[in-house]
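K.L.:
Below you'll find the structure I mean.
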Amino acid sequence: MEAEELHEVIERLEHAGHERHGSLRSTVTVLILLITVLTALTGLLAARANRNNAEAQRSRAIHTVAAQQASQRAYEDFGQYLDLEAASTAAYRRYAVEHRLAQNSPGSAAELNAEADAWNEQNGAFQDKFNKIDLAKANAASSLPEQEAFSDAQAADSWISKEDANIGVAGLFAVCLFLLGLALTVPGHGVKWGFVAIALLLSVVGVGRALVVNASSVHRVPEESLKAYYAGTLAEFQGDYKKAVASFQKAVEADDKYTEGYLALGGAQSVDQTDTKQLRASTQAYEKALNLGEDSYLVHNNLGYAYLILGDRARAEAEVSEALRLAPEEPYILMSQAEVGLVHGDDAEAERWRDKAVEVIAKFDSAFRDQFFAQLRAQDRKSMEIAGVSNERLDSFFNGLRDIEASLDAYGTAELHDLNGATLTNLKAAYQSDRARYEITFDLNDGHKGDITSARIYSVDTEAYSPYSSTPRLFVQTASGSYSDTAHTPIDAGQWRIELYLNGHFQQSVTVDSPGDA
């Protein structure tokens, strides 16, 4: 009796074990089928993301080429602009010469006047073509495809992230399938269910991750923002910064994640550095760009410079230092460090950073150096005045920079050469109406063989280097002594400052109100 009961108990236990094993096997089989389907689905989603990324990359390439073509057309328009301006000037001068000759040669007056009229007519034709060139529109044309390419790049990055995430989820599902396979083979009922539980947990994590990634939208800059950005860029080239600010503001209102829009807005708002309200608004635009991930040296430097003018020295120093960390060889950043020193009252520190900037700028060609130094004269000095630096200290700093600029062009080095008692005096500039040019005269006193005199001409309004002096006029003394020298140059209409340097040292200047070709 007892043996029969024991046998029955064993049979019931075996039956129960078979039932539990069958239940586990059924559960695992269902999970394997489900996770296999999920793995296939995530693979399809990864493939979809890959296709969309490729499409965004193609679109980006198309827009990039369009931007390059627009920039090339702008460059060609600018070249044509200069050519027509030069041709018109030459035709007008020829007309003026022929007309003067006619007045002094009665015998051939009719013929000379006819030639003069022909040149004047040609000048009119050049002027008509010249006036049809809209440089502002040409320069702004590339901004729209550039921003479209920027939007494409953002979309491509999003699709790449989706593809990577889906591949990661598929890998997680593969781990789940492996664990479920182990659950069918390892001994021990508790161990089996442990592997099933882990696989189930990982699959839930994978499904959640897949839902979050694939449910999120791919960001593209809306057309309204792109059009507003183009309008703002065009307004900037036209010099209408109030309209530019309004347009860039519209661009970021249409898309509050538009980093390029915030950068452009901050730049337009900070043009007038005497407008404290707009300057503070520019810091908010730059801060927004930083919060959106635009961690570039440009935004840190611009933000720091705005804080410097507003009087927040700690924030200014922190931002400019971060810009320097990101771009340690950028001359504009090095000069910003110098100007932080000026505002802090540390002239030695300011000169140290100024010299570092000069070391870098000396490696560039004269055209870039001219642009660099012109901005310092026209904008940075005014900014330092607004920031509270005294004119006496600014004179010392910027006059030293002025001599360095002249020495770089004269000798190719920032090191000034000794004067040893030599001077330049009696600088005069006289307009010669019959030749539409200026005659510049000056005296060299107690000069030495090898001394170099340079004449440099700057716009009083913009501090830009005269196009007629793209390389300075240099006079190299071949013998010692005192001499009088003469130079001739045309000068465009407007107020210009003629400066004389000897061995890189500033000597004298005179300002002329040039009539140009009139």
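As shown in the structure tokens, the chain order sets the letters A, B, ...; within each chain, residues go from 1, and ligands are also counted from 1 in the order they appear.
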Please, which residues of region 246-451 of chain A, numbered as in this document, come out alpha helix (DSSP H) from DSSP, as a PyMOL selection string?
P.N.:
chain A and resi 246-254+259-269+276-291+297-310+313-326+331-344+347-361+366-375+381-386+391-411
K.L.:
Could you name the residues that touch Asp152 (chain A) at 9 Å or less, counting only C-alpha atoms, but leaving out those on the same chain fewer than 4 positions away, as an MDAnalysis selection string?
P.N.:
chainID A and resid 56:61 63 147:148 156:157 220:221
K.L.:
How many Å lie between CA of Leu419 (chain A) and CA of Thr486 (chain A), rounded to one decimal?
P.N.:
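Pair CA of Leu419 (chain A) / CA of Thr486 (chain A) returns 20.7 Å.
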K.L.:
Dump as a tab-separated table the rows for residues of region 240-288 of chain A within 12 Å of region 362-383 of chain A: closest atom pair and distance in Å with one decimal, only C-alpha atoms counted, ordered by chain and rising residue number.
P.N.:
```
residue	atom	partner	partner_atom	distance
A:Ser270	CA	A:Ser383	CA	10.9
A:Val271	CA	A:Gln379	CA	9.6
A:Asp272	CA	A:Ser383	CA	9.7
A:Gln273	CA	A:Ser383	CA	6.9
A:Thr274	CA	A:Ser383	CA	8.5
A:Asp275	CA	A:Ser383	CA	11.6
A:Leu279	CA	A:Ser383	CA	11.9
```
K.L.:
Take the selection from the previous step and output its residues with N, CA and C atoms, as an mmCIF file, in the first residue's frame.
P.N.:
```cif
data_model
loop_
_atom_site.group_PDB
_atom_site.id
_atom_site.type_symbol
_atom_site.label_atom_id
_atom_site.label_comp_id
_atom_site.auth_asym_id
_atom_site.auth_seq_id
_atom_site.Cartn_x
_atom_site.Cartn_y
_atom_site.Cartn_z
ATOM 1 N N SER A 270 24.167 94.057 -31.543
ATOM 2 C CA SER A 270 25.363 94.614 -30.898
ATOM 3 C C SER A 270 26.140 95.567 -31.804
ATOM 4 N N VAL A 271 25.583 95.920 -32.961
ATOM 5 C CA VAL A 271 26.284 96.832 -33.871
ATOM 6 C C VAL A 271 26.470 98.199 -33.224
ATOM 7 N N ASP A 272 25.381 98.752 -32.683
ATOM 8 C CA ASP A 272 25.463 100.048 -32.007
ATOM 9 C C ASP A 272 25.760 99.801 -30.534
ATOM 10 N N GLN A 273 27.032 99.915 -30.176
ATOM 11 C CA GLN A 273 27.436 99.560 -28.824
ATOM 12 C C GLN A 273 27.106 100.640 -27.794
ATOM 13 N N THR A 274 26.584 101.767 -28.259
ATOM 14 C CA THR A 274 26.112 102.798 -27.334
ATOM 15 C C THR A 274 24.674 102.534 -26.898
ATOM 16 N N ASP A 275 23.988 101.638 -27.596
ATOM 17 C CA ASP A 275 22.603 101.295 -27.269
ATOM 18 C C ASP A 275 22.610 100.156 -26.247
ATOM 19 N N LEU A 279 22.281 96.078 -26.650
ATOM 20 C CA LEU A 279 23.470 95.303 -26.306
ATOM 21 C C LEU A 279 23.120 94.208 -25.296
#
```
K.L.:
Could you list, as a ChimeraX atom specification, every residue within 9 Å of region 23-34 of chain A, counting only C-alpha atoms and ignoring same-chain residues fewer than 2 positions away?
P.N.:
/A:18-21,36-39,176-177,180-181,183-184,189,192-193,196,199-200
K.L.:
Excluding same-chain residues fewer than 6 positions from region 225-241 of chain A, what lies within 10 Å of it counting only C-alpha atoms, as number ranges by chain?
P.N.:
A: 134-148, 151, 247-256, 258, 260-261, 264-265, 267-272
K.L.:
Please provide the set of residues having any atom within 12 Å of Val169 (chain A), restricted to only C-alpha atoms, with same-chain residues fewer than 5 positions apart removed, written as an NGL selection string.
P.N.:
:A and (35 or 38-46 or 162-164 or 174-176 or 202-214)
K.L.:
Go ahead and dump the residues you just picked, N, CA and C atoms, as a PDB file, in the first residue's frame.
P.N.:
```pdb
ATOM      1  N   ILE A  35      10.009  39.120 -29.540  1.00  0.00           N
ATOM      2  CA  ILE A  35      11.248  39.897 -29.616  1.00  0.00           C
ATOM      3  C   ILE A  35      11.870  39.794 -31.008  1.00  0.00           C
ATOM      4  N   LEU A  38      10.114  42.355 -32.937  1.00  0.00           N
ATOM      5  CA  LEU A  38      10.602  43.687 -32.545  1.00  0.00           C
ATOM      6  C   LEU A  38      11.987  43.962 -33.125  1.00  0.00           C
ATOM      7  N   THR A  39      12.825  42.938 -33.141  1.00  0.00           N
ATOM      8  CA  THR A  39      14.168  43.104 -33.718  1.00  0.00           C
ATOM      9  C   THR A  39      14.075  43.446 -35.202  1.00  0.00           C
ATOM     10  N   ALA A  40      13.209  42.723 -35.899  1.00  0.00           N
ATOM     11  CA  ALA A  40      13.025  43.008 -37.329  1.00  0.00           C
ATOM     12  C   ALA A  40      12.488  44.411 -37.540  1.00  0.00           C
ATOM     13  N   LEU A  41      11.541  44.812 -36.666  1.00  0.00           N
ATOM     14  CA  LEU A  41      10.946  46.140 -36.792  1.00  0.00           C
ATOM     15  C   LEU A  41      11.987  47.237 -36.570  1.00  0.00           C
ATOM     16  N   THR A  42      12.820  47.081 -35.540  1.00  0.00           N
ATOM     17  CA  THR A  42      13.855  48.093 -35.294  1.00  0.00           C
ATOM     18  C   THR A  42      14.872  48.120 -36.433  1.00  0.00           C
ATOM     19  N   GLY A  43      15.120  46.963 -37.036  1.00  0.00           N
ATOM     20  CA  GLY A  43      16.006  46.942 -38.206  1.00  0.00           C
ATOM     21  C   GLY A  43      15.423  47.738 -39.354  1.00  0.00           C
ATOM     22  N   LEU A  44      14.112  47.603 -39.559  1.00  0.00           N
ATOM     23  CA  LEU A  44      13.448  48.380 -40.610  1.00  0.00           C
ATOM     24  C   LEU A  44      13.491  49.875 -40.303  1.00  0.00           C
ATOM     25  N   LEU A  45      13.297  50.210 -39.022  1.00  0.00           N
ATOM     26  CA  LEU A  45      13.359  51.621 -38.635  1.00  0.00           C
ATOM     27  C   LEU A  45      14.771  52.179 -38.830  1.00  0.00           C
ATOM     28  N   ALA A  46      15.791  51.375 -38.525  1.00  0.00           N
ATOM     29  CA  ALA A  46      17.176  51.813 -38.741  1.00  0.00           C
ATOM     30  C   ALA A  46      17.440  52.030 -40.228  1.00  0.00           C
ATOM     31  N   LYS A 162      18.825  58.589 -34.851  1.00  0.00           N
ATOM     32  CA  LYS A 162      17.760  57.591 -34.861  1.00  0.00           C
ATOM     33  C   LYS A 162      18.288  56.232 -35.333  1.00  0.00           C
ATOM     34  N   GLU A 163      19.089  56.256 -36.391  1.00  0.00           N
ATOM     35  CA  GLU A 163      19.649  55.005 -36.913  1.00  0.00           C
ATOM     36  C   GLU A 163      20.512  54.327 -35.859  1.00  0.00           C
ATOM     37  N   ASP A 164      21.391  55.100 -35.218  1.00  0.00           N
ATOM     38  CA  ASP A 164      22.261  54.526 -34.191  1.00  0.00           C
ATOM     39  C   ASP A 164      21.448  53.963 -33.031  1.00  0.00           C
ATOM     40  N   ALA A 174      18.773  41.355 -29.361  1.00  0.00           N
ATOM     41  CA  ALA A 174      19.589  40.158 -29.625  1.00  0.00           C
ATOM     42  C   ALA A 174      20.071  39.539 -28.314  1.00  0.00           C
ATOM     43  N   VAL A 175      20.444  40.401 -27.360  1.00  0.00           N
ATOM     44  CA  VAL A 175      20.844  39.912 -26.036  1.00  0.00           C
ATOM     45  C   VAL A 175      19.666  39.207 -25.361  1.00  0.00           C
ATOM     46  N   CYS A 176      18.470  39.784 -25.513  1.00  0.00           N
ATOM     47  CA  CYS A 176      17.275  39.163 -24.936  1.00  0.00           C
ATOM     48  C   CYS A 176      17.056  37.767 -25.513  1.00  0.00           C
ATOM     49  N   LEU A 202      14.980  43.719 -20.122  1.00  0.00           N
ATOM     50  CA  LEU A 202      15.755  44.368 -21.191  1.00  0.00           C
ATOM     51  C   LEU A 202      14.888  44.669 -22.402  1.00  0.00           C
ATOM     52  N   SER A 203      13.944  43.783 -22.682  1.00  0.00           N
ATOM     53  CA  SER A 203      13.073  44.032 -23.840  1.00  0.00           C
ATOM     54  C   SER A 203      12.160  45.226 -23.595  1.00  0.00           C
ATOM     55  N   VAL A 204      11.696  45.382 -22.339  1.00  0.00           N
ATOM     56  CA  VAL A 204      10.869  46.551 -21.996  1.00  0.00           C
ATOM     57  C   VAL A 204      11.678  47.835 -22.154  1.00  0.00           C
ATOM     58  N   VAL A 205      12.939  47.795 -21.693  1.00  0.00           N
ATOM     59  CA  VAL A 205      13.831  48.957 -21.865  1.00  0.00           C
ATOM     60  C   VAL A 205      14.016  49.260 -23.349  1.00  0.00           C
ATOM     61  N   GLY A 206      14.241  48.232 -24.140  1.00  0.00           N
ATOM     62  CA  GLY A 206      14.439  48.419 -25.575  1.00  0.00           C
ATOM     63  C   GLY A 206      13.222  48.997 -26.254  1.00  0.00           C
ATOM     64  N   VAL A 207      12.039  48.466 -25.899  1.00  0.00           N
ATOM     65  CA  VAL A 207      10.806  48.994 -26.495  1.00  0.00           C
ATOM     66  C   VAL A 207      10.616  50.465 -26.119  1.00  0.00           C
ATOM     67  N   GLY A 208      10.875  50.793 -24.838  1.00  0.00           N
ATOM     68  CA  GLY A 208      10.742  52.180 -24.404  1.00  0.00           C
ATOM     69  C   GLY A 208      11.690  53.105 -25.149  1.00  0.00           C
ATOM     70  N   ARG A 209      12.927  52.645 -25.288  1.00  0.00           N
ATOM     71  CA  ARG A 209      13.920  53.446 -26.011  1.00  0.00           C
ATOM     72  C   ARG A 209      13.514  53.638 -27.473  1.00  0.00           C
ATOM     73  N   ALA A 210      13.029  52.583 -28.094  1.00  0.00           N
ATOM     74  CA  ALA A 210      12.618  52.665 -29.494  1.00  0.00           C
ATOM     75  C   ALA A 210      11.447  53.627 -29.672  1.00  0.00           C
ATOM     76  N   LEU A 211      10.500  53.581 -28.722  1.00  0.00           N
ATOM     77  CA  LEU A 211       9.344  54.482 -28.809  1.00  0.00           C
ATOM     78  C   LEU A 211       9.762  55.937 -28.681  1.00  0.00           C
ATOM     79  N   VAL A 212      10.638  56.217 -27.718  1.00  0.00           N
ATOM     80  CA  VAL A 212      11.097  57.598 -27.504  1.00  0.00           C
ATOM     81  C   VAL A 212      11.840  58.120 -28.734  1.00  0.00           C
ATOM     82  N   VAL A 213      12.761  57.310 -29.263  1.00  0.00           N
ATOM     83  CA  VAL A 213      13.589  57.750 -30.383  1.00  0.00           C
ATOM     84  C   VAL A 213      12.758  57.964 -31.647  1.00  0.00           C
ATOM     85  N   ASN A 214      11.905  57.012 -31.955  1.00  0.00           N
ATOM     86  CA  ASN A 214      11.191  57.070 -33.221  1.00  0.00           C
ATOM     87  C   ASN A 214       9.960  57.954 -33.178  1.00  0.00           C
TER      88      ASN A 214
END
```
K.L.:
DSSP on the backbone, then: every residue of region 237-459 of chain A marked strand (DSSP E or B), written as a list in words.
P.N.:
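For region 237-459 of chain A, the strand (DSSP E or B) set is Thr423, Leu424, Thr425, Asn426, Leu427, Lys428, Ala429, Ala430, Tyr431, Gln432, Arg437, Tyr438, Glu439, Ile440, Thr441, Phe442, Asp443, Leu444, Asn445, Asp446, Gly447, Ile452, Thr453, Ser454, Ala455, Arg456, Ile457, Tyr458 and Ser459 of chain A.
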K.L.:
As an exercise, work out the distance from CA of Asp443 (chain A) to CA of Ala493 (chain A) in Å and give it to one decimal place.
P.N.:
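One can read the CA of Asp443 (chain A) to CA of Ala493 (chain A) distance as 26.6 Å.
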K.L.:
Between A:Asp347, A:Glu319, A:Glu329, A:Asp418, which has the minimum distance to Glu392 (chain A) (counting only C-alpha atoms)?
P.N.:
A:Asp347
K.L.:
Show which residues sit within 10 Å of Leu394 (chain A), as a list in words. Count only C-alpha atoms, and ignore same-chain residues fewer than 4 positions away.
P.N.:
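Close residues of Leu394 (chain A): Leu342, Asp347, Arg381, Lys382, Met384, Glu385, Val389, Ser390, Phe398, Asn399 and Gly400 of chain A.
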K.L.:
Fewer than 6 positions away in the same chain doesn't count, so skip those; otherwise give me all residues within 8 Å of Tyr501 (chain A), counting only C-alpha atoms, as a ChimeraX atom specification.
P.N.:
/A:403,406,424,453-455,507-508
K.L.:
Using only C-alpha atoms, please write the residues we just selected to a file, as a CSV table (one decimal), in the first residue's frame.
P.N.:
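Now in result.csv:
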```csv
chain,number,residue,atom,x,y,z
A,403,ASP,CA,53.5,101.8,-35.4
A,406,ALA,CA,53.5,100.3,-40.3
A,424,LEU,CA,60.1,113.6,-41.1
A,453,THR,CA,59.6,106.2,-45.2
A,454,SER,CA,56.1,104.9,-45.7
A,455,ALA,CA,53.0,107.0,-46.6
A,507,GLN,CA,55.8,111.1,-37.7
A,508,GLN,CA,53.1,113.3,-39.0
```
K.L.:
Enter the distance from CA of Val218 (chain A) to CA of Ala289 (chain A), in Å, rounded to one decimal.
P.N.:
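A separation of 19.1 Å between them.
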